[in-house]
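What follows is a single structure, written as structure tokens, with notes after it.
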Amino acid sequence: MKRFIAGLGVGVLVIGIAIAAVSAPLRIGITKIVEHPALDAVEQGVIDTLTAAGYEEGVDVEYLLASAQGDFGTAMSIAQNYQAQNVDLVVAIATPSAQAAVEVFRGTDVPIIYGAVTDPVGAELVQDATDPSGNENVTGVSDMIPVAAHLQLLQDLSSEIEKIGIVYNPGEANSVVLTEMALAAGPDLGLEIVTATADTTANVPLAAQSLVGRVDAYYVTTDNTVVSAIDSVLAASEEAGVPFLMADPTSLAQATLAAGFDYYEHGLTVGQIVLDVLSGVGTDEIPVTYQPSAQVHLNLDAAARIGFEFPAAVIDQASTVLYGDVIWQRQDP
Amino acid sequence: MAMLWIHAFEQGFAYGIAALGVFLTYRILDFPDLTVDGSFVTGAAIASVLLVQAGFDPFSVLLLAFLAGALAGTMTGLLNTQLGITNLLAGVLMMIMLYSINLRIMGRPNLSLLRVDTATRIVNAAWSPLGVFAILAFVGLLTFAIKFLLDGFLRTELGFALRATGDSESMITAQGVNTKTMKILGLALSNGLVALSGALVAQYSGFADVGMGIGTIVTGLAAVIIGGALIRSQRVGWMTLSVLLGSFVYRAAVILALRYGYVVGFEASDLKMITSLLVILALVVPYIRERRLKKVSAC
């Protein structure tokens with residue numbers, strides 16, 4: 001009897017280990033450079049996509065979450081920790097965290113999926129945006145916003161809009177790329193781009209004020225420093241009596257109009273790439289994905305404050321409207 | 001896990017060079033110098049630009065980064081000694097100015113080194129018999145070479161004058177030493193080391209970013225304070241060793257918090273609290289020890 005029980009015990013143990021080996025949950029490490037509403041939304045979007053696809057947290061997949069809290073040395077430590085813990089896949093949010101992950105996982109077959117990176121080729125995360133064959137273990141989604149289309153949208157608002165003011169932080173890589181795109185696209189559209197720089201959140205009000213009277217419209221891209229003080233840009237634009245286009249719909253309440261995508265949507269797209277890679281598609285088969293965004297959002301309350309009326313053509317494009325402090329969604333016919 | 005300890009040592013040494021720079025101003029010269037948050041990036045920027053755009057070899061750029069940092073430190077010294085700006089403010093002004101200068105050097109806020117041959121990558125390939133220890137061996141050798149050079153310098157007559165400037169300025173002036181020159185020299189040396197560290201860290205991490213210097217003064221001071229609590233000695237060799245040890249303990253704490261923090265309920269957002277608590281601990285332990293000694297002697 002004793003031997004039977006011992007045998008049974010060993011048997012159970014062996015089966016247990018076998019089950020554990022078969023169903024060991026997937027380990028996904030998510031690294032981001034800092035806590036920030038947009039970056040947190042990307043993280044949440046990735047997790048939600050996987051959950052919706054049937055990856056139950058704690059059963060099928062285990063998430064390791066870390067933020068470098070703005071410290072670049074810690075970004076390296078996070079990537080190294082993920083490597084030591086043998087994660088199966090890394091999701092890297094924002095350029096510095098992605099660069100650290102690529103450096104640490106160089107030459108391994110652990111896939112690195114980046115998000116919230118504007119210029120993955122410029123940051124040298126990947127070699128080529130369209131031909132992924134040389135991109136090794138790295139792929140992801142760019143949060144590049146269609147700057148030229150946004151400038152055109154401003155032009156559609158009124159024929160009197162000729163000078164566009166952009167407030168940005170010259171220390172943010174993503175913001176510099178977008179501002180340079182605006183400066184390049186402006187002349188082709190017959191627009192003059194006037195820039196004002198703010199290196200810290202505290203300097204944003206001053207920079208925004210410096211453009212009053214010099215521009216016909218304000219435009220702010222996904223600049224983290226400026227977005228943190230976005231109310232001051234709205235205040236300046238209202239003082240000047242000109243419309244203010246924000247390239248992030250989550251800030252619609254603090255702008256005259258917004259275009260682009262919100263970062264939760266971006267996270268969903270990143271999550272979709274993660275699913276593709278988990279299903280066996282190679283990272284060197286997936287080119288750089290660009291976040292689709294064609295939606296326009298109007299803040300009628302803010303427009304009324306400066307006595308501005310949106311032309312019918314722009315209203316027809318709008319997918320959401322903020323009116324009387326309520327967000328109205330367009331119902332598809 | 002063993003690999004994580006190796007990384008903690010690599011980072012501890014690489015940032016340890018910057019901590020030696022902070023040690024030089026904070027402990028030796030008694031000059032709280034905030035220039036380092038800027039000069040760390042200056043080193044990284046100079047090294048990256050020369051590597052990527054001018055094709056320099058990754059080892060000589062470390063030396064050039066040192067010189068650029070020394071220049072920045074000299075400027076802070078001149079602001080303080082020649083224009084009479086207080087030490088704290090001179091450092092802050094130079095740090096702010098360096099932000100713009102660093103952007104000018106790099107031409108953009110983030111410069112990737114992922115596709116060039118960096119020092120750590122070359123060493124990793126060339127010293128392959130050492131396996132996973134190759135980068136640690138390189139960074140360790142470099143750091144200890146700098147430590148012994150610094151020890152040697154502080155034992156020379158000039159080094160003694162530098163130390164005396166921090167200890168008792170009026171006394172050393174009476175000895176006929178120009179303390180202004182000593183301060184400039186100390187600041188140049190300190191920021192040179194910090195910039196060299198920045199150049200090394202950029203190559204180790206695979207990129208330079210204009211924001212990477214934020215907190216250099218804090219982590220540097222943390223290393224000096226933690227080290228000082230662990231090794232209590234007034235001898236130069238032990239003091240510099242304690243700084244390197246402190247730098248390692250700081251990085252190890254970050255890695256341990258990342259690796260095991262969740263076990264005790266820490267969340268990702270608690271990291272800075274953990275590292276700050278470590279520094280508080282390092283400050284408080286010697287204080288309590290001293291107070292107990294005083295009580296004993298009072299009896």
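In the structure tokens, chains take the letters A, B, ... in the order shown, each chain's residues start at 1, and ligands count up from 1 in the order shown.
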
Residues of chain A within 7 Å of chain B, counting only C-alpha atoms, as number ranges by chain: A: 65-67, 72, 76-78, 80-81, 84, 99-100, 103, 123-124, 171-173

Next, the residues of the selection above should be written as a short mmCIF file (atom, residue, chain, number, x, y, z; two decimals), in the first residue's frame with C-alpha atoms.
```cif
data_model
loop_
_atom_site.label_atom_id
_atom_site.label_comp_id
_atom_site.auth_asym_id
_atom_site.auth_seq_id
_atom_site.Cartn_x
_atom_site.Cartn_y
_atom_site.Cartn_z
CA LEU A 65 5.14 45.74 -16.25
CA ALA A 66 7.79 48.35 -15.60
CA SER A 67 8.33 52.06 -16.04
CA PHE A 72 17.45 56.16 -18.92
CA MET A 76 18.38 49.51 -19.61
CA SER A 77 17.91 47.68 -16.29
CA ILE A 78 14.28 46.89 -17.17
CA GLN A 80 18.09 43.39 -18.84
CA ASN A 81 15.70 42.15 -16.19
CA ALA A 84 17.15 37.47 -17.32
CA GLN A 99 16.19 51.58 -28.12
CA ALA A 100 17.28 50.06 -24.80
CA GLU A 103 20.26 46.95 -27.62
CA ALA A 123 15.70 55.91 -34.16
CA GLU A 124 17.35 52.95 -35.91
CA GLY A 171 14.18 68.27 -26.70
CA GLU A 172 11.52 65.74 -27.67
CA ALA A 173 12.61 63.57 -30.55
#
```

query: Can you list, as a PyMOL selection string, every protein, DNA or RNA residue that comes within 10 Å of Ser197 in chain B when you count only C-alpha atoms, leaving out same-chain residues fewer than 6 positions away?
result: chain B and resi 13-21+39-41+43-44+62+65-66+143+191+203

field: Test item: residues at most 9 Å from Thr200 in chain A, only C-alpha atoms, excluding those fewer than 2 positions along its chain, as a list in words
entry: Asn169, Ala198, Ala202, Asn203, Val204, Thr225 and Val226 of chain A

- prompt: So which residues touch Leu89 in chain B within 12 Å, counting only C-alpha atoms, skipping near sequence neighbours fewer than 5 positions away, as a list in words?
  reply: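 The contact residues come out as Phe31, Pro32, Asp33, Leu34, Thr35, Thr76, Gly77, Leu79, Asn80, Leu83, Gly84, Met94, Met95 and Ile96 of chain B.
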
- prompt: With only C-alpha atoms as the basis for distance, which of A:Ile315, A:Leu234, A:Ala52, A:Leu89 is at the shortest distance from Leu26 in chain A?
  reply: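 Selected residue with least distance to Leu26 in chain A: A:Leu89.
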
- prompt: Quick one: residues within 8 Å of range 262-274 of chain A, only C-alpha atoms counted, chain neighbours fewer than 6 positions away excluded, as a VMD selection string?
  reply: chain A and resid 38 to 39 41 to 50 113 to 116 140 to 141 143 248 to 250 291

- prompt: Which neighbours of Ala302 in chain A fall inside 8 Å, counting only C-alpha atoms, when residues of the same chain fewer than 4 positions from it are skipped, and could you give them as JSON, numbers by chain?
  reply: {"A": [253, 255, 256, 306]}
